[in-house]
$ cat entry-v8.pdb   # PDB, C-alpha atoms and all ligand atoms
ATOM      1  CA  MET A   1      74.320 137.342 144.001
ATOM      2  CA  LYS A   2      75.062 136.902 140.291
ATOM      3  CA  ALA A   3      72.600 138.637 137.938
ATOM      4  CA  ASP A   4      71.771 135.431 135.981
ATOM      5  CA  ASN A   5      71.067 133.563 139.218
ATOM      6  CA  THR A   6      68.822 136.415 140.422
ATOM      7  CA  ALA A   7      66.933 136.344 137.123
ATOM      8  CA  SER A   8      66.385 132.580 137.175
ATOM      9  CA  LEU A   9      65.261 132.582 140.842
ATOM     10  CA  SER A  10      62.896 135.481 140.122
ATOM     11  CA  ARG A  11      61.395 133.595 137.142
ATOM     12  CA  ARG A  12      60.927 130.495 139.294
ATOM     13  CA  ILE A  13      59.142 132.602 141.939
ATOM     14  CA  GLU A  14      56.804 134.123 139.339
ATOM     15  CA  ALA A  15      55.928 130.613 138.057
ATOM     16  CA  LEU A  16      55.302 129.314 141.592
ATOM     17  CA  LYS A  17      53.084 132.303 142.400
ATOM     18  CA  ARG A  18      50.892 131.565 139.363
ATOM     19  CA  GLU A  19      50.789 127.813 139.989
ATOM     20  CA  LYS A  20      49.844 128.168 143.681
ATOM     21  CA  ARG A  21      47.717 131.341 143.556
ATOM     22  CA  ALA A  22      50.181 132.962 145.915
ATOM     23  CA  VAL A  23      50.969 136.631 146.506
ATOM     24  CA  ILE A  24      54.072 138.101 148.057
ATOM     25  CA  LEU A  25      53.788 141.002 150.493
ATOM     26  CA  ALA A  26      57.139 142.642 151.221
ATOM     27  CA  HIS A  27      58.335 145.353 153.565
ATOM     28  CA  TYR A  28      60.503 148.217 152.280
ATOM     29  CA  TYR A  29      63.408 147.043 154.430
ATOM     30  CA  THR A  30      63.884 143.761 152.539
ATOM     31  CA  ARG A  31      66.608 143.246 149.926
ATOM     32  CA  PRO A  32      66.041 145.045 146.581
ATOM     33  CA  GLU A  33      65.782 141.741 144.654
ATOM     34  CA  VAL A  34      63.113 140.561 147.135
ATOM     35  CA  GLN A  35      61.203 143.833 146.745
ATOM     36  CA  ALA A  36      61.314 143.241 142.982
ATOM     37  CA  VAL A  37      59.344 139.952 143.202
ATOM     38  CA  ALA A  38      56.709 141.395 145.567
ATOM     39  CA  ASP A  39      53.107 141.926 144.476
ATOM     40  CA  PHE A  40      52.686 144.535 147.203
ATOM     41  CA  LEU A  41      55.390 146.582 148.823
ATOM     42  CA  GLY A  42      54.615 148.679 151.854
ATOM     43  CA  ASP A  43      55.166 149.748 155.416
ATOM     44  CA  SER A  44      53.722 147.719 158.249
ATOM     45  CA  LEU A  45      50.334 149.501 158.240
ATOM     46  CA  ALA A  46      49.799 149.220 154.483
ATOM     47  CA  LEU A  47      50.796 145.559 154.520
ATOM     48  CA  SER A  48      48.392 144.699 157.382
ATOM     49  CA  VAL A  49      45.547 146.363 155.503
ATOM     50  CA  LYS A  50      46.552 144.702 152.218
ATOM     51  CA  ALA A  51      46.707 141.248 153.829
ATOM     52  CA  GLN A  52      42.974 141.483 154.551
ATOM     53  CA  ALA A  53      42.105 142.274 150.956
ATOM     54  CA  VAL A  54      44.269 139.962 148.857
ATOM     55  CA  ASP A  55      42.566 137.461 146.604
ATOM     56  CA  ALA A  56      44.896 134.458 146.899
ATOM     57  CA  ASP A  57      45.182 131.034 148.521
ATOM     58  CA  ILE A  58      48.650 131.706 149.882
ATOM     59  CA  ILE A  59      50.256 134.829 151.306
ATOM     60  CA  LEU A  60      54.030 134.701 151.463
ATOM     61  CA  PHE A  61      55.247 137.404 153.796
ATOM     62  CA  ALA A  62      58.678 138.729 152.918
ATOM     63  CA  GLY A  63      59.446 140.451 156.179
ATOM     64  CA  VAL A  64      59.976 139.638 159.811
ATOM     65  CA  HIS A  65      58.043 137.161 161.924
ATOM     66  CA  PHE A  66      55.605 139.573 163.630
ATOM     67  CA  MET A  67      54.496 140.899 160.228
ATOM     68  CA  ALA A  68      53.641 137.415 158.943
ATOM     69  CA  GLU A  69      51.833 136.709 162.233
ATOM     70  CA  THR A  70      49.800 139.891 161.741
ATOM     71  CA  ALA A  71      48.788 138.702 158.265
ATOM     72  CA  LYS A  72      47.711 135.324 159.686
ATOM     73  CA  VAL A  73      45.730 136.993 162.480
ATOM     74  CA  LEU A  74      43.803 138.937 159.838
ATOM     75  CA  CYS A  75      43.497 136.063 157.333
ATOM     76  CA  PRO A  76      42.911 132.886 159.354
ATOM     77  CA  GLY A  77      41.510 131.080 156.309
ATOM     78  CA  LYS A  78      44.608 131.642 154.174
ATOM     79  CA  LYS A  79      47.897 129.837 154.290
ATOM     80  CA  VAL A  80      50.495 132.383 155.457
ATOM     81  CA  LEU A  81      54.084 131.428 154.732
ATOM     82  CA  ILE A  82      57.262 132.926 156.137
ATOM     83  CA  PRO A  83      60.423 132.134 154.173
ATOM     84  CA  CYS A  84      62.690 132.619 157.170
ATOM     85  CA  PRO A  85      60.989 132.085 160.546
ATOM     86  CA  GLU A  86      64.230 133.030 162.325
ATOM     87  CA  ALA A  87      63.768 136.587 161.024
ATOM     88  CA  GLY A  88      62.718 138.140 164.323
ATOM     89  CA  CYS A  89      62.708 141.773 165.434
ATOM     90  CA  SER A  90      64.739 143.171 168.322
ATOM     91  CA  LEU A  91      61.833 145.461 169.221
ATOM     92  CA  ALA A  92      59.223 142.679 169.309
ATOM     93  CA  GLU A  93      61.663 140.532 171.277
ATOM     94  CA  SER A  94      62.171 143.302 173.825
ATOM     95  CA  CYS A  95      58.593 142.695 175.011
ATOM     96  CA  ASP A  96      57.892 139.177 176.233
ATOM     97  CA  ALA A  97      54.150 138.423 176.552
ATOM     98  CA  ALA A  98      54.355 136.974 180.099
ATOM     99  CA  GLU A  99      56.439 139.924 181.337
ATOM    100  CA  PHE A 100      54.092 142.309 179.599
ATOM    101  CA  ALA A 101      51.073 140.693 181.315
ATOM    102  CA  ALA A 102      52.783 141.269 184.697
ATOM    103  CA  PHE A 103      53.558 144.897 183.738
ATOM    104  CA  LYS A 104      49.960 145.472 182.645
ATOM    105  CA  ALA A 105      48.688 144.094 185.969
ATOM    106  CA  LYS A 106      50.608 146.887 187.762
ATOM    107  CA  TYR A 107      48.545 149.524 185.924
ATOM    108  CA  PRO A 108      44.874 148.612 186.316
ATOM    109  CA  GLY A 109      42.427 150.780 184.386
ATOM    110  CA  HIS A 110      44.958 151.661 181.676
ATOM    111  CA  LYS A 111      44.153 151.228 177.969
ATOM    112  CA  VAL A 112      46.911 149.342 176.197
ATOM    113  CA  VAL A 113      48.277 150.666 172.899
ATOM    114  CA  SER A 114      50.897 148.435 171.303
ATOM    115  CA  TYR A 115      52.974 149.030 168.270
ATOM    116  CA  VAL A 116      52.416 146.378 165.617
ATOM    117  CA  ASN A 117      56.073 145.309 166.174
ATOM    118  CA  THR A 118      55.002 142.837 168.873
ATOM    119  CA  THR A 119      54.315 139.125 169.098
ATOM    120  CA  VAL A 120      50.764 137.851 168.751
ATOM    121  CA  GLY A 121      50.802 137.175 172.530
ATOM    122  CA  VAL A 122      51.373 140.875 173.284
ATOM    123  CA  LYS A 123      48.757 141.915 170.721
ATOM    124  CA  ALA A 124      46.275 139.667 172.534
ATOM    125  CA  LEU A 125      46.893 141.760 175.691
ATOM    126  CA  THR A 126      46.387 144.999 173.755
ATOM    127  CA  ASP A 127      43.304 147.197 173.294
ATOM    128  CA  ILE A 128      44.437 149.033 170.155
ATOM    129  CA  CYS A 129      47.461 148.304 168.001
ATOM    130  CA  CYS A 130      49.250 151.071 166.153
ATOM    131  CA  THR A 131      52.052 151.486 163.644
ATOM    132  CA  SER A 132      54.409 154.414 163.283
ATOM    133  CA  SER A 133      52.020 155.728 160.588
ATOM    134  CA  ASN A 134      49.018 156.036 162.884
ATOM    135  CA  ALA A 135      50.358 156.019 166.484
ATOM    136  CA  LEU A 136      49.422 159.671 166.980
ATOM    137  CA  GLN A 137      45.866 159.197 165.679
ATOM    138  CA  VAL A 138      45.424 156.068 167.805
ATOM    139  CA  VAL A 139      46.553 157.778 171.021
ATOM    140  CA  ARG A 140      44.463 160.862 170.201
ATOM    141  CA  SER A 141      41.401 158.622 169.773
ATOM    142  CA  ILE A 142      41.585 157.774 173.492
ATOM    143  CA  PRO A 143      39.943 160.328 175.832
ATOM    144  CA  GLU A 144      42.584 162.520 177.468
ATOM    145  CA  GLU A 145      41.667 161.558 181.018
ATOM    146  CA  GLN A 146      42.059 157.836 180.232
ATOM    147  CA  PRO A 147      45.509 156.523 181.300
ATOM    148  CA  VAL A 148      47.424 154.589 178.662
ATOM    149  CA  ILE A 149      50.184 151.981 178.525
ATOM    150  CA  PHE A 150      52.267 152.351 175.345
ATOM    151  CA  ALA A 151      54.450 149.417 174.268
ATOM    152  CA  PRO A 152      57.009 148.355 173.297
ATOM    153  CA  ASP A 153      59.044 151.204 171.719
ATOM    154  CA  ARG A 154      60.185 153.794 174.262
ATOM    155  CA  ASN A 155      61.350 156.202 171.538
ATOM    156  CA  LEU A 156      58.093 156.197 169.578
ATOM    157  CA  GLY A 157      56.247 156.345 172.934
ATOM    158  CA  SER A 158      58.127 159.410 174.159
ATOM    159  CA  TYR A 159      57.734 161.092 170.776
ATOM    160  CA  ILE A 160      53.941 160.575 170.904
ATOM    161  CA  ARG A 161      53.844 161.627 174.554
ATOM    162  CA  LYS A 162      55.607 164.859 173.602
ATOM    163  CA  LEU A 163      53.277 165.550 170.641
ATOM    164  CA  THR A 164      50.121 164.905 172.661
ATOM    165  CA  GLY A 165      51.377 166.410 175.926
ATOM    166  CA  ARG A 166      49.906 163.377 177.735
ATOM    167  CA  SER A 167      51.375 162.817 181.157
ATOM    168  CA  ASN A 168      49.190 159.759 181.818
ATOM    169  CA  MET A 169      51.044 157.503 179.358
ATOM    170  CA  VAL A 170      53.267 154.763 180.829
ATOM    171  CA  LEU A 171      55.958 153.405 178.490
ATOM    172  CA  TRP A 172      57.354 149.897 178.139
ATOM    173  CA  ASP A 173      61.146 150.090 177.941
ATOM    174  CA  GLY A 174      61.830 148.493 174.535
ATOM    175  CA  ALA A 175      63.732 149.596 171.449
ATOM    176  CA  CYS A 176      64.865 148.643 167.960
ATOM    177  CA  HIS A 177      68.598 147.983 167.682
ATOM    178  CA  VAL A 178      68.742 149.520 164.176
ATOM    179  CA  HIS A 179      67.088 152.845 164.979
ATOM    180  CA  GLU A 180      68.854 153.276 168.323
ATOM    181  CA  GLU A 181      72.299 153.082 166.728
ATOM    182  CA  PHE A 182      72.327 156.337 164.749
ATOM    183  CA  SER A 183      74.972 158.805 165.854
ATOM    184  CA  LEU A 184      74.050 162.461 166.377
ATOM    185  CA  GLU A 185      77.646 163.538 165.920
ATOM    186  CA  LYS A 186      77.903 161.794 162.536
ATOM    187  CA  LEU A 187      74.505 163.078 161.496
ATOM    188  CA  LEU A 188      75.504 166.676 162.242
ATOM    189  CA  ALA A 189      78.796 166.223 160.375
ATOM    190  CA  LEU A 190      76.888 164.894 157.362
ATOM    191  CA  LYS A 191      74.490 167.842 157.573
ATOM    192  CA  LYS A 192      77.474 170.223 157.438
ATOM    193  CA  GLU A 193      78.713 168.499 154.270
ATOM    194  CA  HIS A 194      75.213 168.722 152.717
ATOM    195  CA  PRO A 195      73.712 171.951 154.116
ATOM    196  CA  GLU A 196      70.766 171.889 151.669
ATOM    197  CA  ALA A 197      69.746 168.339 152.537
ATOM    198  CA  HIS A 198      66.638 167.656 154.615
ATOM    199  CA  VAL A 199      67.017 165.144 157.433
ATOM    200  CA  VAL A 200      64.198 162.581 157.490
ATOM    201  CA  ALA A 201      63.967 160.232 160.487
ATOM    202  CA  HIS A 202      61.828 157.382 161.782
ATOM    203  CA  PRO A 203      60.278 157.954 165.241
ATOM    204  CA  GLU A 204      61.953 154.764 166.529
ATOM    205  CA  CYS A 205      65.201 156.816 166.628
ATOM    206  CA  ARG A 206      66.376 158.333 169.897
ATOM    207  CA  ALA A 207      64.918 161.737 170.901
ATOM    208  CA  TYR A 208      68.089 163.690 170.051
ATOM    209  CA  ILE A 209      67.965 162.350 166.451
ATOM    210  CA  VAL A 210      64.251 163.096 166.124
ATOM    211  CA  GLU A 211      64.885 166.662 167.356
ATOM    212  CA  ALA A 212      67.580 167.177 164.704
ATOM    213  CA  ALA A 213      65.276 166.028 161.872
ATOM    214  CA  ASP A 214      63.372 168.229 159.416
ATOM    215  CA  PHE A 215      60.726 165.535 159.069
ATOM    216  CA  VAL A 216      59.770 162.629 161.346
ATOM    217  CA  GLY A 217      57.511 159.858 160.128
ATOM    218  CA  SER A 218      56.871 156.226 159.362
ATOM    219  CA  THR A 219      58.476 154.541 156.380
ATOM    220  CA  ALA A 220      55.508 155.456 154.148
ATOM    221  CA  ALA A 221      55.305 159.018 155.466
ATOM    222  CA  ILE A 222      59.029 159.554 154.815
ATOM    223  CA  LEU A 223      58.625 158.291 151.239
ATOM    224  CA  ASP A 224      55.745 160.696 150.723
ATOM    225  CA  TYR A 225      57.622 163.634 152.199
ATOM    226  CA  CYS A 226      60.609 163.091 149.888
ATOM    227  CA  GLY A 227      58.214 163.320 146.924
ATOM    228  CA  ARG A 228      56.485 166.547 147.945
ATOM    229  CA  SER A 229      59.384 168.431 149.565
ATOM    230  CA  ASP A 230      61.250 171.213 147.710
ATOM    231  CA  ALA A 231      64.555 169.716 148.836
ATOM    232  CA  ARG A 232      66.569 167.708 146.325
ATOM    233  CA  GLU A 233      68.851 165.955 148.820
ATOM    234  CA  PHE A 234      67.832 163.936 151.853
ATOM    235  CA  ILE A 235      69.769 162.422 154.741
ATOM    236  CA  VAL A 236      67.836 159.292 155.616
ATOM    237  CA  VAL A 237      67.830 158.216 159.270
ATOM    238  CA  THR A 238      66.080 154.881 159.145
ATOM    239  CA  GLU A 239      66.751 151.395 157.879
ATOM    240  CA  ALA A 240      68.772 151.632 154.662
ATOM    241  CA  GLY A 241      66.544 149.205 152.691
ATOM    242  CA  ILE A 242      64.124 152.079 152.079
ATOM    243  CA  LEU A 243      66.701 153.721 149.793
ATOM    244  CA  ALA A 244      65.879 151.269 146.983
ATOM    245  CA  GLU A 245      62.250 152.468 146.902
ATOM    246  CA  MET A 246      63.301 156.130 147.273
ATOM    247  CA  GLN A 247      65.612 155.894 144.274
ATOM    248  CA  ARG A 248      63.000 154.004 142.254
ATOM    249  CA  ARG A 249      60.314 156.634 142.953
ATOM    250  CA  TYR A 250      62.452 159.776 142.788
ATOM    251  CA  PRO A 251      65.416 159.123 140.479
ATOM    252  CA  ASP A 252      66.186 162.865 140.232
ATOM    253  CA  ARG A 253      66.795 163.201 143.987
ATOM    254  CA  THR A 254      69.752 162.213 146.135
ATOM    255  CA  PHE A 255      69.394 160.051 149.216
ATOM    256  CA  ILE A 256      72.223 159.754 151.709
ATOM    257  CA  PRO A 257      71.988 157.031 154.362
ATOM    258  CA  ALA A 258      72.832 158.277 157.869
ATOM    259  CA  PRO A 259      75.634 156.222 159.393
ATOM    260  CA  PRO A 260      75.243 154.240 162.606
ATOM    261  CA  ASP A 261      77.576 154.942 165.517
ATOM    262  CA  ASP A 262      79.777 151.968 164.691
ATOM    263  CA  GLU A 263      79.952 151.910 160.905
ATOM    264  CA  SER A 264      81.663 148.514 160.796
ATOM    265  CA  CYS A 265      78.517 146.873 162.256
ATOM    266  CA  GLY A 266      76.305 147.818 159.291
ATOM    267  CA  CYS A 267      73.520 148.418 161.802
ATOM    268  CA  ASN A 268      71.568 150.805 159.607
ATOM    269  CA  ASN A 269      70.530 147.557 157.931
ATOM    270  CA  CYS A 270      68.029 145.338 159.712
ATOM    271  CA  CYS A 271      69.802 141.976 159.714
ATOM    272  CA  TYR A 272      66.437 140.237 160.232
ATOM    273  CA  MET A 273      64.807 141.752 157.153
ATOM    274  CA  LYS A 274      67.863 140.809 155.101
ATOM    275  CA  MET A 275      67.439 137.123 156.081
ATOM    276  CA  VAL A 276      64.672 136.894 153.484
ATOM    277  CA  THR A 277      66.312 135.864 150.213
ATOM    278  CA  LEU A 278      65.170 134.720 146.772
ATOM    279  CA  GLU A 279      66.471 131.239 147.627
ATOM    280  CA  ASN A 280      64.382 130.854 150.778
ATOM    281  CA  ILE A 281      61.326 132.305 148.994
ATOM    282  CA  VAL A 282      61.630 129.620 146.276
ATOM    283  CA  SER A 283      61.997 126.845 148.827
ATOM    284  CA  CYS A 284      59.106 128.192 150.930
ATOM    285  CA  LEU A 285      56.745 128.360 147.943
ATOM    286  CA  GLU A 286      57.795 124.924 146.691
ATOM    287  CA  ASN A 287      57.266 123.262 150.076
ATOM    288  CA  GLU A 288      54.444 125.561 151.272
ATOM    289  CA  SER A 289      56.375 125.721 154.504
ATOM    290  CA  PRO A 290      57.315 127.172 156.998
ATOM    291  CA  GLU A 291      53.767 128.258 157.715
ATOM    292  CA  ILE A 292      52.420 130.508 160.491
ATOM    293  CA  ILE A 293      50.110 128.541 162.802
ATOM    294  CA  LEU A 294      48.400 130.346 165.697
ATOM    295  CA  ASP A 295      46.373 129.351 168.719
ATOM    296  CA  GLU A 296      42.779 130.352 167.831
ATOM    297  CA  GLU A 297      41.948 132.039 171.143
ATOM    298  CA  VAL A 298      45.115 134.153 171.077
ATOM    299  CA  ARG A 299      44.506 134.926 167.405
ATOM    300  CA  ARG A 300      40.977 136.182 168.083
ATOM    301  CA  LYS A 301      42.126 138.488 170.890
ATOM    302  CA  ALA A 302      44.974 139.826 168.764
ATOM    303  CA  GLU A 303      42.607 140.354 165.843
ATOM    304  CA  ARG A 304      40.394 142.613 167.943
ATOM    305  CA  SER A 305      43.319 144.929 168.730
ATOM    306  CA  ILE A 306      44.431 145.084 165.085
ATOM    307  CA  LEU A 307      40.891 145.721 163.807
ATOM    308  CA  ASN A 308      40.501 148.481 166.409
ATOM    309  CA  MET A 309      43.567 150.082 164.833
ATOM    310  CA  ILE A 310      42.394 149.644 161.225
ATOM    311  CA  LYS A 311      39.050 151.313 162.137
ATOM    312  CA  ILE A 312      40.939 154.406 163.310
ATOM    313  CA  GLY A 313      43.118 154.588 160.181
TER
HETATM  314  P1  LIG B 401      56.964 150.968 159.613
HETATM  315  O1  LIG B 401      55.749 150.965 160.507
HETATM  316  O2  LIG B 401      57.421 152.341 159.293
HETATM  317  O3  LIG B 401      56.798 150.061 158.455
HETATM  318  O4  LIG B 401      58.158 150.387 160.471
HETATM  319  C1  LIG B 401      58.275 149.031 160.721
HETATM  320  C2  LIG B 401      59.549 148.751 161.340
HETATM  321  O5  LIG B 401      59.896 147.640 161.586
HETATM  322  C3  LIG B 401      60.367 149.890 161.679
HETATM  323  O6  LIG B 401      61.574 149.466 162.099
HETATM  324 FE1  LIG B 402      62.388 145.237 164.109
HETATM  325 FE2  LIG B 402      64.064 147.267 164.032
HETATM  326 FE3  LIG B 402      64.175 145.408 162.134
HETATM  327 FE4  LIG B 402      62.115 147.138 162.260
HETATM  328  S1  LIG B 402      64.253 147.618 161.833
HETATM  329  S2  LIG B 402      61.995 144.932 161.945
HETATM  330  S3  LIG B 402      61.890 147.380 164.475
HETATM  331  S4  LIG B 402      64.607 145.118 164.318
END
$ encode --input "entry-v8.pdb" --output "structure tokens"
Amino acid sequence: MKADNTASLSRRIEALKREKRAVILAHYYTRPEVQAVADFLGDSLALSVKAQAVDADIILFAGVHFMAETAKVLCPGKKVLIPCPEAGCSLAESCDAAEFAAFKAKYPGHKVVSYVNTTVGVKALTDICCTSSNALQVVRSIPEEQPVIFAPDRNLGSYIRKLTGRSNMVLWDGACHVHEEFSLEKLLALKKEHPEAHVVAHPECRAYIVEAADFVGSTAAILDYCGRSDAREFIVVTEAGILAEMQRRYPDRTFIPAPPDDESCGCNNCCYMKMVTLENIVSCLENESPEIILDEEVRRKAERSILNMIKIG
């Protein structure tokens, strides 16, 4: 995108925000120019919490569909806009609500913990939501003898199962196409080239990647770690959009994106997050559409599971 076009779209967005009392919440995986027009930038936990507190008539969610749905669940009285409703999430889509209801019925007496990367229908079938920032705390809040269903990410689920040593945790078999694509071979080769670099990875990556990492954490936890670590170089094994925020916060440090298995596919970029553009933000604010509309009964059930999470932290 040409710089002058970016500047004029950004100015238009700022004017529309003032005129309509709108705020933009954006995830770290969105395009850098989208992050630049956001009022709040965060990981999925921070953005869910922020959505509850914003003083605005309109929330425009620059992120994927489940994130905007989460904001609407928590703010039923506000207009929640999504600039690109086609921006889905392979992880959320790997867990269909009807199939999940049938799965849940096979495990009576289990508490359901679902990652926030789910549709509102799955959240409505959930006891406590979690994000990658608080999944461990959420699972630890459940008495050890209580069996648990963990959905939908099998990698995050097995990571938490390993950390807690819980054998009574059944996993839904879902995954994120971005985090599953990282190659161990290429990661180890990169580590050889940069022996001083620390490897930081998201727990949605496969177990062999997580085992090779110096630090494993959510988007926000990784950002924090890069600030407090003694290392000066980091190999980043998560969605590459986070590099913009890393460089902004720590300009004296070097961040190297880990390559996916097939480098021609560009899969260390979430194609869904990149569907949000300055152009569709302008059009969405001008038209106040597309808007997230939810069935009230489903919304209320989903809200309970998200609030149960927020209470825990
Ligand atoms: P965070 O919970 O780290 O924001 O992750 C969200 C996500 O979509 C990861 O792929
Ligand atoms: Fe979903 Fe993966 Fe994109 Fe995150 S990176 S929004 S889990 S597809």
$ closest_atom_pairs --input "entry-v8.pdb" --of "chain A" --to "ligand LIG 401 (chain B)" --cutoff "7 Å" --atoms "all atoms listed in the file" --output "CSV"
residue,atom,partner,partner_atom,distance
A:His27,CA,B:LIG401,O3,7.0
A:Asp43,CA,B:LIG401,O3,3.5
A:Ser44,CA,B:LIG401,O3,3.9
A:Leu45,CA,B:LIG401,O1,6.1
A:Asn117,CA,B:LIG401,O5,6.4
A:Thr131,CA,B:LIG401,O1,4.9
A:Ser132,CA,B:LIG401,O1,4.6
A:Ser133,CA,B:LIG401,O1,6.0
A:Cys176,CA,B:LIG401,O6,6.8
A:Glu204,CA,B:LIG401,O6,6.9
A:Ser218,CA,B:LIG401,O2,3.9
A:Thr219,CA,B:LIG401,O2,3.8
A:Ala220,CA,B:LIG401,O2,6.3
A:Glu239,CA,B:LIG401,O6,7.0
$ atom_distance --input "entry-v8.pdb" --atom1 "CA of Ala68 in chain A" --atom2 "CA of Cys205 in chain A"
23.9 Å
$ residues_near_ligand --input "entry-v8.pdb" --ligand "ligand LIG 402 (chain B)" --cutoff "10 Å" --atoms "only C-alpha atoms and all ligand atoms" --output "count of residues only"
42
$ residues_around --input "entry-v8.pdb" --residues "range 184-199 of chain A" --least-positions-apart "3" --cutoff "6 Å" --atoms "all atoms listed in the file" --output "list of chain:residue names"
A:Ala213, A:Asp214, A:Glu233, A:Phe234, A:Ile235
$ write_last_selection --input "entry-v8.pdb" --atoms "C-alpha atoms" --output "PDB file, keeping the file's coordinate frame"
ATOM      1  CA  ALA A 213      65.276 166.028 161.872  1.00  0.00           C
ATOM      2  CA  ASP A 214      63.372 168.229 159.416  1.00  0.00           C
ATOM      3  CA  GLU A 233      68.851 165.955 148.820  1.00  0.00           C
ATOM      4  CA  PHE A 234      67.832 163.936 151.853  1.00  0.00           C
ATOM      5  CA  ILE A 235      69.769 162.422 154.741  1.00  0.00           C
TER       6      ILE A 235
END
$ atom_distance --input "entry-v8.pdb" --atom1 "CA of Leu156 in chain A" --atom2 "CA of Pro32 in chain A"
26.8 Å
$ residues_around --input "entry-v8.pdb" --residues "Ala105 in chain A" --least-positions-apart "6" --cutoff "12 Å" --atoms "only C-alpha atoms" --output "list in words"
Ala98, Glu99, Lys111, Val112, Leu125 and Ile149 of chain A
$ write_last_selection --input "entry-v8.pdb" --atoms "C-alpha atoms" --output "JSON list (two decimals), in the coordinates of the input"
[["chain", "number", "residue", "atom", "x", "y", "z"],
["A", 98, "ALA", "CA", 54.36, 136.97, 180.10],
["A", 99, "GLU", "CA", 56.44, 139.92, 181.34],
["A", 111, "LYS", "CA", 44.15, 151.23, 177.97],
["A", 112, "VAL", "CA", 46.91, 149.34, 176.20],
["A", 125, "LEU", "CA", 46.89, 141.76, 175.69],
["A", 149, "ILE", "CA", 50.18, 151.98, 178.52]]
$ residues_around --input "entry-v8.pdb" --residues "range 298-308 of chain A" --least-positions-apart "2" --cutoff "7 Å" --atoms "all atoms listed in the file" --output "PyMOL selection string"
chain A and resi 73-74+120-121+123-124+126-129+294-296+310-312
$ atom_distance --input "entry-v8.pdb" --atom1 "CA of Glu69 in chain A" --atom2 "CA of Lys50 in chain A"
13.9 Å
$ closest_residue --input "entry-v8.pdb" --among "A:Cys95, A:Ile58, A:Ile24, A:Ala7" --to "Gly42 in chain A" --atoms "all atoms listed in the file"
A:Ile24
$ closest_residue --input "entry-v8.pdb" --among "A:Leu136, A:Leu223, A:Ala22, A:Val113" --to "Val80 in chain A" --atoms "all atoms listed in the file"
A:Ala22
$ closest_residue --input "entry-v8.pdb" --among "A:Asp224, A:Ala201, A:Glu33, A:Pro152" --to "Ile13 in chain A" --atoms "all atoms listed in the file"
A:Glu33
$ resolve_selection --input "entry-v8.pdb" --expression "the PyMOL selection byres (((chain A and resi 144) around 12) and not hetatm)" --output "VMD selection string"
chain A and resid 110 to 111 138 to 143 145 to 148 161 164 to 169
$ resolve_selection --input "entry-v8.pdb" --expression "the PyMOL selection byres (((chain A and resi 40) around 10) and not hetatm)" --output "number ranges by chain"
A: 23-27, 35-39, 41-42, 46-47, 50-51, 54
$ residues_around --input "entry-v8.pdb" --residues "Val282 in chain A" --least-positions-apart "4" --cutoff "9 Å" --atoms "all atoms listed in the file" --output "ChimeraX atom specification"
/A:9-10,12-13,16,83,277-278,286-287
$ build_atoms --input "entry-v8.pdb" --residues "range 69-77 of chain A" --atoms "N, CA, C and O atoms" --output "PDB file, keeping the file's coordinate frame"
ATOM      1  N   GLU A  69      52.850 137.053 161.217  1.00  0.00           N
ATOM      2  CA  GLU A  69      51.833 136.709 162.233  1.00  0.00           C
ATOM      3  C   GLU A  69      50.624 137.634 162.095  1.00  0.00           C
ATOM      4  O   GLU A  69      49.479 137.186 162.175  1.00  0.00           O
ATOM      5  N   THR A  70      50.897 138.925 161.877  1.00  0.00           N
ATOM      6  CA  THR A  70      49.800 139.891 161.741  1.00  0.00           C
ATOM      7  C   THR A  70      48.919 139.509 160.550  1.00  0.00           C
ATOM      8  O   THR A  70      47.683 139.552 160.630  1.00  0.00           O
ATOM      9  N   ALA A  71      49.563 139.108 159.445  1.00  0.00           N
ATOM     10  CA  ALA A  71      48.788 138.702 158.265  1.00  0.00           C
ATOM     11  C   ALA A  71      47.927 137.475 158.600  1.00  0.00           C
ATOM     12  O   ALA A  71      46.753 137.398 158.215  1.00  0.00           O
ATOM     13  N   LYS A  72      48.473 136.534 159.347  1.00  0.00           N
ATOM     14  CA  LYS A  72      47.711 135.324 159.686  1.00  0.00           C
ATOM     15  C   LYS A  72      46.551 135.660 160.627  1.00  0.00           C
ATOM     16  O   LYS A  72      45.458 135.111 160.507  1.00  0.00           O
ATOM     17  N   VAL A  73      46.797 136.579 161.566  1.00  0.00           N
ATOM     18  CA  VAL A  73      45.730 136.993 162.480  1.00  0.00           C
ATOM     19  C   VAL A  73      44.553 137.526 161.671  1.00  0.00           C
ATOM     20  O   VAL A  73      43.392 137.217 161.944  1.00  0.00           O
ATOM     21  N   LEU A  74      44.864 138.308 160.629  1.00  0.00           N
ATOM     22  CA  LEU A  74      43.803 138.937 159.838  1.00  0.00           C
ATOM     23  C   LEU A  74      43.230 138.016 158.769  1.00  0.00           C
ATOM     24  O   LEU A  74      42.139 138.260 158.263  1.00  0.00           O
ATOM     25  N   CYS A  75      43.953 136.964 158.406  1.00  0.00           N
ATOM     26  CA  CYS A  75      43.497 136.063 157.333  1.00  0.00           C
ATOM     27  C   CYS A  75      43.589 134.615 157.819  1.00  0.00           C
ATOM     28  O   CYS A  75      44.397 133.836 157.285  1.00  0.00           O
ATOM     29  N   PRO A  76      42.776 134.234 158.796  1.00  0.00           N
ATOM     30  CA  PRO A  76      42.911 132.886 159.354  1.00  0.00           C
ATOM     31  C   PRO A  76      42.648 131.782 158.338  1.00  0.00           C
ATOM     32  O   PRO A  76      43.151 130.671 158.474  1.00  0.00           O
ATOM     33  N   GLY A  77      41.861 132.099 157.299  1.00  0.00           N
ATOM     34  CA  GLY A  77      41.510 131.080 156.309  1.00  0.00           C
ATOM     35  C   GLY A  77      42.569 130.888 155.229  1.00  0.00           C
ATOM     36  O   GLY A  77      42.462 129.985 154.406  1.00  0.00           O
TER      37      GLY A  77
END
